[in-house]
Structure formats: C-alpha cells, structure tokens
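What follows is run_36.pdb (PDB, C-alpha atoms).
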MODEL        1
ATOM      1  CA  GLY Z1063      27.590 -15.464 182.211
ATOM      2  CA  ALA Z1064      26.904 -14.884 178.525
ATOM      3  CA  ALA Z1065      26.488 -11.139 179.005
ATOM      4  CA  GLY Z1066      29.885 -10.894 180.677
ATOM      5  CA  THR Z1067      31.507 -12.849 177.842
ATOM      6  CA  VAL Z1068      30.030 -10.469 175.272
ATOM      7  CA  LEU Z1069      31.234  -7.412 177.200
ATOM      8  CA  THR Z1070      34.718  -8.888 177.507
ATOM      9  CA  ALA Z1071      34.842  -9.609 173.762
ATOM     10  CA  ARG Z1072      33.770  -6.049 173.018
ATOM     11  CA  ARG Z1073      36.636  -4.717 175.117
ATOM     12  CA  LEU Z1074      39.195  -7.012 173.502
ATOM     13  CA  PHE Z1075      38.104  -6.733 169.863
ATOM     14  CA  PRO Z1076      36.867  -3.665 167.967
ATOM     15  CA  ALA Z1077      33.426  -3.445 166.386
ATOM     16  CA  GLY Z1078      33.251  -4.762 162.852
ATOM     17  CA  LEU Z1079      35.664  -7.663 163.311
ATOM     18  CA  LEU Z1080      33.193 -10.422 162.446
ATOM     19  CA  ARG Z1081      31.579  -8.531 159.577
ATOM     20  CA  PHE Z1082      34.933  -7.655 157.964
ATOM     21  CA  GLY Z1083      34.644  -3.948 158.629
ATOM     22  CA  GLY Z1084      37.400  -1.947 156.976
ATOM     23  CA  GLY Z1085      40.629  -0.874 158.600
ATOM     24  CA  LEU Z1086      41.759  -2.418 161.868
ATOM     25  CA  PRO Z1087      38.843  -4.852 162.300
ATOM     26  CA  ASN Z1088      39.685  -6.299 158.904
ATOM     27  CA  ALA Z1089      43.377  -6.583 159.801
ATOM     28  CA  LEU Z1090      42.410  -8.491 162.945
ATOM     29  CA  ALA Z1091      40.144 -10.783 160.931
ATOM     30  CA  VAL Z1092      42.973 -11.468 158.478
ATOM     31  CA  ARG Z1093      45.338 -12.290 161.339
ATOM     32  CA  GLY Z1094      42.906 -14.701 162.976
ATOM     33  CA  LEU Z1095      41.786 -16.454 159.812
ATOM     34  CA  ALA Z1096      45.332 -16.853 158.495
ATOM     35  CA  ALA Z1097      46.449 -18.323 161.820
ATOM     36  CA  PHE Z1098      43.438 -20.655 161.887
ATOM     37  CA  ALA Z1099      44.164 -21.854 158.359
ATOM     38  CA  LEU Z1100      47.921 -22.401 158.338
ATOM     39  CA  LEU Z1101      48.685 -23.111 161.984
ATOM     40  CA  GLY Z1102      45.536 -25.198 162.291
ATOM     41  CA  ALA Z1103      46.624 -27.373 159.375
ATOM     42  CA  ASN Z1104      50.151 -27.425 160.796
ATOM     43  CA  SER Z1105      48.815 -29.102 163.943
ATOM     44  CA  PHE Z1106      47.541 -32.207 162.160
ATOM     45  CA  LEU Z1107      49.571 -32.306 158.924
ATOM     46  CA  PRO Z1108      52.321 -34.684 160.177
ATOM     47  CA  LEU Z1109      49.758 -37.106 161.600
ATOM     48  CA  ALA Z1110      47.805 -37.059 158.345
ATOM     49  CA  LEU Z1111      50.949 -37.760 156.312
ATOM     50  CA  HIS Z1112      51.879 -40.628 158.615
ATOM     51  CA  GLU Z1113      48.448 -42.235 158.900
ATOM     52  CA  LEU Z1114      47.112 -41.716 155.370
ATOM     53  CA  ARG Z1115      50.225 -41.810 153.201
ATOM     54  CA  GLY Z1116      52.597 -43.938 155.295
ATOM     55  CA  LEU Z1117      55.259 -41.251 155.604
ATOM     56  CA  SER Z1118      57.617 -41.742 158.522
ATOM     57  CA  LEU Z1119      57.337 -39.249 161.358
ATOM     58  CA  THR Z1120      60.829 -37.996 160.523
ATOM     59  CA  ALA Z1121      59.907 -37.337 156.896
ATOM     60  CA  ALA Z1122      56.656 -35.691 157.981
ATOM     61  CA  GLY Z1123      58.629 -33.510 160.381
ATOM     62  CA  TRP Z1124      60.803 -32.319 157.510
ATOM     63  CA  VAL Z1125      57.694 -30.835 155.918
ATOM     64  CA  LEU Z1126      57.203 -28.625 158.962
ATOM     65  CA  SER Z1127      60.907 -27.716 159.100
ATOM     66  CA  LEU Z1128      60.883 -26.603 155.471
ATOM     67  CA  GLY Z1129      57.745 -24.619 156.146
ATOM     68  CA  GLY Z1130      59.313 -22.811 159.081
ATOM     69  CA  ALA Z1131      62.345 -21.871 157.011
ATOM     70  CA  THR Z1132      60.242 -20.552 154.140
ATOM     71  CA  TRP Z1133      58.014 -18.554 156.518
ATOM     72  CA  THR Z1134      61.238 -16.798 157.555
ATOM     73  CA  LEU Z1135      62.126 -16.338 153.884
ATOM     74  CA  GLY Z1136      58.689 -14.837 153.253
ATOM     75  CA  SER Z1137      59.281 -12.378 156.094
ATOM     76  CA  TRP Z1138      62.526 -11.316 154.422
ATOM     77  CA  VAL Z1139      60.783 -10.944 151.047
ATOM     78  CA  GLN Z1140      58.109  -8.681 152.512
ATOM     79  CA  ALA Z1141      60.780  -6.610 154.279
ATOM     80  CA  GLN Z1142      62.500  -6.027 150.927
ATOM     81  CA  ALA Z1143      59.163  -5.138 149.347
ATOM     82  CA  GLU Z1144      58.439  -2.717 152.195
ATOM     83  CA  ARG Z1145      61.774  -0.998 151.624
ATOM     84  CA  ARG Z1146      61.386  -0.756 147.853
ATOM     85  CA  LEU Z1147      57.636  -0.232 147.422
ATOM     86  CA  GLY Z1148      56.719   1.539 150.636
ATOM     87  CA  ALA Z1149      53.785   1.359 153.009
ATOM     88  CA  GLY Z1150      51.217   1.802 150.244
ATOM     89  CA  SER Z1151      51.918  -1.707 148.979
ATOM     90  CA  ARG Z1152      50.974  -3.401 152.255
ATOM     91  CA  PRO Z1153      47.339  -4.241 151.379
ATOM     92  CA  LEU Z1154      48.441  -5.764 148.067
ATOM     93  CA  ARG Z1155      51.184  -7.748 149.769
ATOM     94  CA  VAL Z1156      48.679  -9.108 152.267
ATOM     95  CA  ARG Z1157      46.338 -10.219 149.462
ATOM     96  CA  VAL Z1158      49.149 -11.821 147.471
ATOM     97  CA  GLY Z1159      50.550 -13.546 150.559
ATOM     98  CA  LEU Z1160      47.173 -14.898 151.658
ATOM     99  CA  GLY Z1161      46.478 -16.055 148.102
ATOM    100  CA  LEU Z1162      49.748 -17.982 147.968
ATOM    101  CA  MET Z1163      49.057 -19.435 151.398
ATOM    102  CA  ALA Z1164      45.595 -20.625 150.349
ATOM    103  CA  ALA Z1165      46.938 -22.140 147.106
ATOM    104  CA  GLY Z1166      49.737 -23.943 148.955
ATOM    105  CA  LEU Z1167      47.334 -25.213 151.591
ATOM    106  CA  LEU Z1168      44.976 -26.563 148.927
ATOM    107  CA  ALA Z1169      47.816 -28.351 147.146
ATOM    108  CA  SER Z1170      49.061 -29.755 150.466
ATOM    109  CA  ALA Z1171      45.600 -31.107 151.256
ATOM    110  CA  LEU Z1172      45.365 -32.745 147.835
ATOM    111  CA  ALA Z1173      48.800 -34.327 148.294
ATOM    112  CA  VAL Z1174      47.849 -35.715 151.703
ATOM    113  CA  LEU Z1175      44.448 -36.985 150.571
ATOM    114  CA  GLY Z1176      45.778 -38.635 147.404
ATOM    115  CA  GLY Z1177      44.682 -36.137 144.780
ATOM    116  CA  LEU Z1178      48.315 -35.273 143.973
ATOM    117  CA  PRO Z1179      51.563 -37.275 144.204
ATOM    118  CA  LEU Z1180      52.902 -37.448 147.741
ATOM    119  CA  TRP Z1181      56.129 -35.590 146.905
ATOM    120  CA  THR Z1182      54.139 -32.465 146.032
ATOM    121  CA  VAL Z1183      53.369 -31.880 149.698
ATOM    122  CA  TYR Z1184      56.878 -30.474 150.128
ATOM    123  CA  PRO Z1185      56.724 -27.657 147.537
ATOM    124  CA  ALA Z1186      53.054 -27.089 148.380
ATOM    125  CA  TRP Z1187      53.745 -26.507 152.068
ATOM    126  CA  VAL Z1188      56.751 -24.353 151.195
ATOM    127  CA  LEU Z1189      54.451 -22.190 149.051
ATOM    128  CA  ALA Z1190      51.872 -21.942 151.837
ATOM    129  CA  CYS Z1191      54.445 -20.866 154.419
ATOM    130  CA  LEU Z1192      56.175 -18.470 152.039
ATOM    131  CA  GLY Z1193      52.834 -16.775 151.429
ATOM    132  CA  MET Z1194      52.160 -16.689 155.151
ATOM    133  CA  GLY Z1195      55.507 -15.000 155.772
ATOM    134  CA  VAL Z1196      54.682 -12.294 153.253
ATOM    135  CA  GLY Z1197      51.041 -11.766 154.157
ATOM    136  CA  TYR Z1198      51.201 -12.190 157.933
ATOM    137  CA  ASN Z1199      53.993  -9.698 158.482
ATOM    138  CA  SER Z1200      52.624  -7.188 155.974
ATOM    139  CA  ASN Z1201      49.283  -7.363 157.784
ATOM    140  CA  SER Z1202      50.966  -6.711 161.128
ATOM    141  CA  LEU Z1203      52.694  -3.622 159.718
ATOM    142  CA  TYR Z1204      49.418  -2.433 158.223
ATOM    143  CA  ALA Z1205      47.579  -2.834 161.532
ATOM    144  CA  LEU Z1206      50.221  -1.133 163.676
ATOM    145  CA  ALA Z1207      50.515   1.783 161.258
ATOM    146  CA  ALA Z1208      46.740   2.279 161.353
ATOM    147  CA  ALA Z1209      46.586   2.375 165.161
ATOM    148  CA  GLN Z1210      45.883   5.710 166.796
ATOM    149  CA  SER Z1211      48.521   7.369 168.924
ATOM    150  CA  GLY Z1212      48.968   5.524 172.191
ATOM    151  CA  GLU Z1213      46.953   2.493 171.025
ATOM    152  CA  SER Z1214      49.816   0.353 169.688
ATOM    153  CA  GLY Z1215      50.136  -1.672 172.884
ATOM    154  CA  ARG Z1216      46.435  -2.466 173.012
ATOM    155  CA  LEU Z1217      46.430  -3.380 169.334
ATOM    156  CA  SER Z1218      49.388  -5.714 169.781
ATOM    157  CA  GLY Z1219      47.410  -7.466 172.504
ATOM    158  CA  GLN Z1220      44.360  -7.737 170.237
ATOM    159  CA  LEU Z1221      46.464  -9.234 167.450
ATOM    160  CA  ALA Z1222      48.007 -11.769 169.828
ATOM    161  CA  ASN Z1223      44.650 -12.635 171.425
ATOM    162  CA  THR Z1224      43.029 -13.139 168.027
ATOM    163  CA  GLU Z1225      45.823 -15.433 166.868
ATOM    164  CA  VAL Z1226      45.931 -17.527 170.038
ATOM    165  CA  LEU Z1227      42.147 -17.887 170.095
ATOM    166  CA  MET Z1228      41.885 -18.955 166.457
ATOM    167  CA  VAL Z1229      44.780 -21.419 166.664
ATOM    168  CA  ALA Z1230      43.201 -22.989 169.745
ATOM    169  CA  VAL Z1231      39.839 -23.272 167.998
ATOM    170  CA  ALA Z1232      41.457 -24.804 164.904
ATOM    171  CA  ALA Z1233      43.356 -27.377 166.978
ATOM    172  CA  GLY Z1234      40.202 -28.190 168.916
ATOM    173  CA  VAL Z1235      38.119 -28.665 165.777
ATOM    174  CA  GLY Z1236      40.776 -30.847 164.177
ATOM    175  CA  GLY Z1237      41.227 -32.915 167.314
ATOM    176  CA  ALA Z1238      37.487 -33.446 167.720
ATOM    177  CA  LEU Z1239      37.115 -34.602 164.125
ATOM    178  CA  ILE Z1240      40.050 -37.010 164.379
ATOM    179  CA  ALA Z1241      38.740 -38.441 167.644
ATOM    180  CA  ARG Z1242      35.187 -39.034 166.401
ATOM    181  CA  LEU Z1243      35.435 -39.939 162.695
ATOM    182  CA  PRO Z1244      37.332 -42.409 160.498
ATOM    183  CA  LEU Z1245      40.733 -40.903 159.808
ATOM    184  CA  GLU Z1246      40.336 -40.212 156.089
ATOM    185  CA  GLN Z1247      36.990 -38.521 156.609
ATOM    186  CA  ALA Z1248      38.291 -36.603 159.621
ATOM    187  CA  PHE Z1249      41.352 -35.256 157.810
ATOM    188  CA  THR Z1250      39.264 -34.354 154.759
ATOM    189  CA  LEU Z1251      36.896 -32.305 156.890
ATOM    190  CA  ALA Z1252      39.756 -30.774 158.888
ATOM    191  CA  PHE Z1253      41.487 -29.620 155.709
ATOM    192  CA  GLY Z1254      38.148 -28.358 154.417
ATOM    193  CA  VAL Z1255      37.668 -26.171 157.492
ATOM    194  CA  THR Z1256      41.168 -24.714 157.264
ATOM    195  CA  LEU Z1257      40.747 -24.068 153.535
ATOM    196  CA  LEU Z1258      37.495 -22.236 154.233
ATOM    197  CA  ALA Z1259      39.338 -20.053 156.753
ATOM    198  CA  ALA Z1260      42.069 -19.384 154.176
ATOM    199  CA  ALA Z1261      39.494 -18.319 151.596
ATOM    200  CA  LEU Z1262      37.749 -16.029 154.085
ATOM    201  CA  GLY Z1263      41.109 -14.549 155.079
ATOM    202  CA  TRP Z1264      41.899 -13.785 151.450
ATOM    203  CA  LEU Z1265      38.507 -12.112 151.028
ATOM    204  CA  ALA Z1266      39.057 -10.070 154.174
ATOM    205  CA  ALA Z1267      42.500  -9.038 152.896
ATOM    206  CA  GLY Z1268      40.812  -7.660 149.788
ATOM    207  CA  ARG Z1269      39.009  -5.099 151.941
ATOM    208  CA  LEU Z1270      42.097  -3.581 153.528
ATOM    209  CA  ARG Z1271      42.262   0.112 152.649
ATOM    210  CA  ARG Z1272      45.322   1.699 151.134
TER     211      ARG Z1272
ENDMDL
END
Show this structure as structure tokens.
Amino acid sequence: GAAGTVLTARRLFPAGLLRFGGGLPNALAVRGLAAFALLGANSFLPLALHELRGLSLTAAGWVLSLGGATWTLGSWVQAQAERRLGAGSRPLRVRVGLGLMAAGLLASALAVLGGLPLWTVYPAWVLACLGMGVGYNSNSLYALAAAQSGESGRLSGQLANTEVLMVAVAAGVGGALIARLPLEQAFTLAFGVTLLAAALGWLAAGRLRR
C-alpha cells in the first residue's frame, strides 16, 4: 500500500532529497533533474523536429548523434578540469554544466517551436549535451567522494535508481501529452516541463557544498 511505498522510498533515497537538502541529497536531486530534463527531451526531440519542422528522420537522428558525441567531449573536459583544478572545483563545474545544459535546451526548444531558425537546433543541442557531460560527471564524482566509508555501493544504486525513475517519468509525461493534445501544444508543454526540471537542477546544483 501507500505506507509500504513510503517506507521503500525512505530506504532508497536519503532524507532531504525533495527539499534540496545539502550534500548527498542535493547531488541526487541534481542527478534526477538533469536526467529528467535532457534525457526526457531527448526522447521526443526527433519526433518534434519531424512533425513540427518537417525534418527527415535521418536529419533528426543526426541531432542526437551530435549530442552523444559532445556529451563524451564534455566528460573529457570535466576530467581535464578535475586534474588541473582538483576536487574543490566540482560544485562549480556542476553549476556551470547544468547552466549550459539549460541554455542549450532552451535554445533547442525555441528552434523546434519556431522561435529560432531550424539550423540552430544543432549547435543548441550540442551545447546542452556538452554541459550535461561536464555537470553530470562532476556531480557523480562529488556524490561518490561525499559517501561515507562502505556506502559507495549503496550510493551508486541510489544514483542509478534516481536517474532511471526520472527518465521514465519524463518519457511518460511527454508521451501522455503527445497522445492527448494537438502536437504543437503537446511539444510546447513537454519542453516546458523539461526546462522547468533543468532550472530546478541548476538551483539544486547551487547548493552543493565545497
């Protein structure tokens, strides 16, 4: 029942997650919100480009391919920053990465919905995924370093559970909107929800402690 669900959630996720408590709860919130925002938008971006802007499925797929490559590039950038700047720069790198991700996601939404030229979706999505590569991996390092001795395995499970849950929720919300509303309205609302998650993720990143 409901009581059992609450008890299970308390075992899986530490107190303070939903109120952006400092430390590990905040790192988990950042992970979930970032995944909701970028991977949620990733799930419906090609369809939106095809249906609203007439882009072929192949061309729409190239957007995702470029994004995947630049996420990898962002991971490399954060690794270089980790080596040169040290662990103390992780909270700042998370904030910068999430900020770039949110800006790229906003520009991508505007390109899809007609507020910007269609070609801008390519650099916009590259920016979003580059930021994700920097922020996501820096956040993972921050969380694992903050774990108590012997708790790394449990924390890794919490990070994975948070990500899977939020991606599933994002895909479900997007799918429900697309199924029930006219396409332009549905995609506008779907982008709005993912942008809200990106903004909340950036705010949560601002509360990570050095």
>> I'd like to see the residues matched by the PyMOL selection byres ((chain Z and resi 1190-1206) around 6) on this file, and ideally I'd get them as a list in words.
In response: Leu1086, Ala1089, Gly1129, Thr1132, Trp1133, Gly1136, Ser1137, Gln1140, Arg1152, Arg1155, Val1156, Gly1159, Leu1160, Leu1162, Met1163, Gly1166, Leu1167, Trp1187, Val1188, Leu1189, Ala1207, Ala1208 and Ala1209 of chain Z
>> As a check of understanding, name the residues that the PyMOL selection byres ((chain Z and resi 1126) around 9) selects in the supplied structure, as a list in words.
In response: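 Expected selection for the PyMOL selection byres ((chain Z and resi 1126) around 9) here is Asn1104, Leu1107, Pro1108, Ala1122, Gly1123, Trp1124, Val1125, Ser1127, Leu1128, Gly1129, Gly1130, Ala1131, Trp1187 and Val1188 of chain Z.
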>> For the provided coordinates, the residues matched by the PyMOL selection byres ((chain Z and resi 1271) around 10) should be stated as a PyMOL selection string.
In response: chain Z and resi 1084-1086+1088-1089+1150+1152-1154+1204+1267-1270+1272
> For the atom pair CA of Ala1171 in chain Z and CA of Ala1222 in chain Z, what is the interatomic distance in Å to one decimal place?
Replying inline: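 One can read the CA of Ala1171 in chain Z to CA of Ala1222 in chain Z distance as 26.9 Å.
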>> Under the rule that all atoms listed in the file are counted, which of Z:Arg1145, Z:Ala1110, Z:Pro1244, Z:Val1255 is the nearest residue to Ser1170 in chain Z?
In response: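 When distances to Ser1170 in chain Z are compared using all atoms listed in the file, the smallest one comes from Z:Ala1110.
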> Which residue, Z:Arg1115, Z:Ala1097, Z:Val1229, Z:Arg1242, has the smallest gap to Val1183 in chain Z when you use all atoms listed in the file?
Replying inline: Z:Arg1115
> Which distance in Å separates CA of Val1231 in chain Z and CA of Ser1105 in chain Z, to one decimal?
Replying inline: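 For CA of Val1231 in chain Z relative to CA of Ser1105 in chain Z, the distance reads 11.4 Å.
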>> So, with only C-alpha atoms as the atoms that count, which of Z:Ile1240, Z:Leu1175, Z:Leu1258, Z:Ala1230 lies closest to Leu1111 in chain Z?
In response: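 Answer, going by the shortest atom-to-atom distance: Z:Leu1175.
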> What is the distance between CA of Leu1257 in chain Z and CA of Ser1218 in chain Z, in Å to one decimal?
Replying inline: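 Pair CA of Leu1257 in chain Z / CA of Ser1218 in chain Z returns 26.0 Å.
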>> Between Z:Leu1114, Z:Gly1094, Z:Ala1121, Z:Ala1186, which residue has the minimum interatomic distance to Ala1164 in chain Z, considering all atoms listed in the file?
In response: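 Among Z:Leu1114, Z:Gly1094, Z:Ala1121, Z:Ala1186, it is Z:Ala1186 that comes nearest to Ala1164 in chain Z.
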> Hey, which of Z:Pro1185, Z:Gly1116, Z:Pro1179, Z:Gly1102 ends up closest to Ala1232 in chain Z? Count all atoms listed in the file.
Replying inline: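 Checking each of Z:Pro1185, Z:Gly1116, Z:Pro1179, Z:Gly1102 against Ala1232 in chain Z, counting all atoms listed in the file, the winner is Z:Gly1102.
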> With distances taken over all atoms listed in the file, which of Z:Phe1106, Z:Gly1161, Z:Leu1119, Z:Ala1241 is nearest to Leu1265 in chain Z?
Replying inline: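 Of all the options, Z:Gly1161 lies closest to Leu1265 in chain Z.
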Restore N, CA and C atoms in range 1214-1231 of chain Z and list the result as a PDB file, in the frame of the given file.
ATOM      1  N   SER Z1214      49.030   1.459 170.255  1.00  0.00           N
ATOM      2  CA  SER Z1214      49.816   0.353 169.688  1.00  0.00           C
ATOM      3  C   SER Z1214      49.895  -0.834 170.633  1.00  0.00           C
ATOM      4  N   GLY Z1215      50.051  -0.576 171.928  1.00  0.00           N
ATOM      5  CA  GLY Z1215      50.136  -1.672 172.884  1.00  0.00           C
ATOM      6  C   GLY Z1215      48.849  -2.471 172.944  1.00  0.00           C
ATOM      7  N   ARG Z1216      47.719  -1.764 172.978  1.00  0.00           N
ATOM      8  CA  ARG Z1216      46.435  -2.466 173.012  1.00  0.00           C
ATOM      9  C   ARG Z1216      46.225  -3.269 171.733  1.00  0.00           C
ATOM     10  N   LEU Z1217      46.602  -2.683 170.602  1.00  0.00           N
ATOM     11  CA  LEU Z1217      46.430  -3.380 169.334  1.00  0.00           C
ATOM     12  C   LEU Z1217      47.300  -4.628 169.279  1.00  0.00           C
ATOM     13  N   SER Z1218      48.524  -4.532 169.763  1.00  0.00           N
ATOM     14  CA  SER Z1218      49.388  -5.714 169.781  1.00  0.00           C
ATOM     15  C   SER Z1218      48.750  -6.836 170.586  1.00  0.00           C
ATOM     16  N   GLY Z1219      48.110  -6.473 171.703  1.00  0.00           N
ATOM     17  CA  GLY Z1219      47.410  -7.466 172.504  1.00  0.00           C
ATOM     18  C   GLY Z1219      46.231  -8.069 171.755  1.00  0.00           C
ATOM     19  N   GLN Z1220      45.486  -7.239 171.015  1.00  0.00           N
ATOM     20  CA  GLN Z1220      44.360  -7.737 170.237  1.00  0.00           C
ATOM     21  C   GLN Z1220      44.822  -8.696 169.147  1.00  0.00           C
ATOM     22  N   LEU Z1221      45.921  -8.352 168.488  1.00  0.00           N
ATOM     23  CA  LEU Z1221      46.464  -9.234 167.450  1.00  0.00           C
ATOM     24  C   LEU Z1221      46.870 -10.581 168.048  1.00  0.00           C
ATOM     25  N   ALA Z1222      47.563 -10.528 169.183  1.00  0.00           N
ATOM     26  CA  ALA Z1222      48.007 -11.769 169.828  1.00  0.00           C
ATOM     27  C   ALA Z1222      46.818 -12.586 170.313  1.00  0.00           C
ATOM     28  N   ASN Z1223      45.827 -11.917 170.932  1.00  0.00           N
ATOM     29  CA  ASN Z1223      44.650 -12.635 171.425  1.00  0.00           C
ATOM     30  C   ASN Z1223      43.890 -13.305 170.291  1.00  0.00           C
ATOM     31  N   THR Z1224      43.741 -12.580 169.178  1.00  0.00           N
ATOM     32  CA  THR Z1224      43.029 -13.139 168.027  1.00  0.00           C
ATOM     33  C   THR Z1224      43.737 -14.382 167.505  1.00  0.00           C
ATOM     34  N   GLU Z1225      45.059 -14.301 167.385  1.00  0.00           N
ATOM     35  CA  GLU Z1225      45.823 -15.433 166.868  1.00  0.00           C
ATOM     36  C   GLU Z1225      45.737 -16.645 167.800  1.00  0.00           C
ATOM     37  N   VAL Z1226      45.960 -16.420 169.079  1.00  0.00           N
ATOM     38  CA  VAL Z1226      45.931 -17.527 170.038  1.00  0.00           C
ATOM     39  C   VAL Z1226      44.555 -18.179 170.057  1.00  0.00           C
ATOM     40  N   LEU Z1227      43.501 -17.355 170.060  1.00  0.00           N
ATOM     41  CA  LEU Z1227      42.147 -17.887 170.095  1.00  0.00           C
ATOM     42  C   LEU Z1227      41.858 -18.748 168.870  1.00  0.00           C
ATOM     43  N   MET Z1228      42.211 -18.234 167.686  1.00  0.00           N
ATOM     44  CA  MET Z1228      41.885 -18.955 166.457  1.00  0.00           C
ATOM     45  C   MET Z1228      42.709 -20.222 166.299  1.00  0.00           C
ATOM     46  N   VAL Z1229      43.967 -20.206 166.717  1.00  0.00           N
ATOM     47  CA  VAL Z1229      44.780 -21.419 166.664  1.00  0.00           C
ATOM     48  C   VAL Z1229      44.219 -22.475 167.609  1.00  0.00           C
ATOM     49  N   ALA Z1230      43.784 -22.048 168.795  1.00  0.00           N
ATOM     50  CA  ALA Z1230      43.201 -22.989 169.745  1.00  0.00           C
ATOM     51  C   ALA Z1230      41.914 -23.598 169.201  1.00  0.00           C
ATOM     52  N   VAL Z1231      41.086 -22.765 168.571  1.00  0.00           N
ATOM     53  CA  VAL Z1231      39.839 -23.272 167.998  1.00  0.00           C
ATOM     54  C   VAL Z1231      40.140 -24.261 166.877  1.00  0.00           C
TER      55      VAL Z1231
END
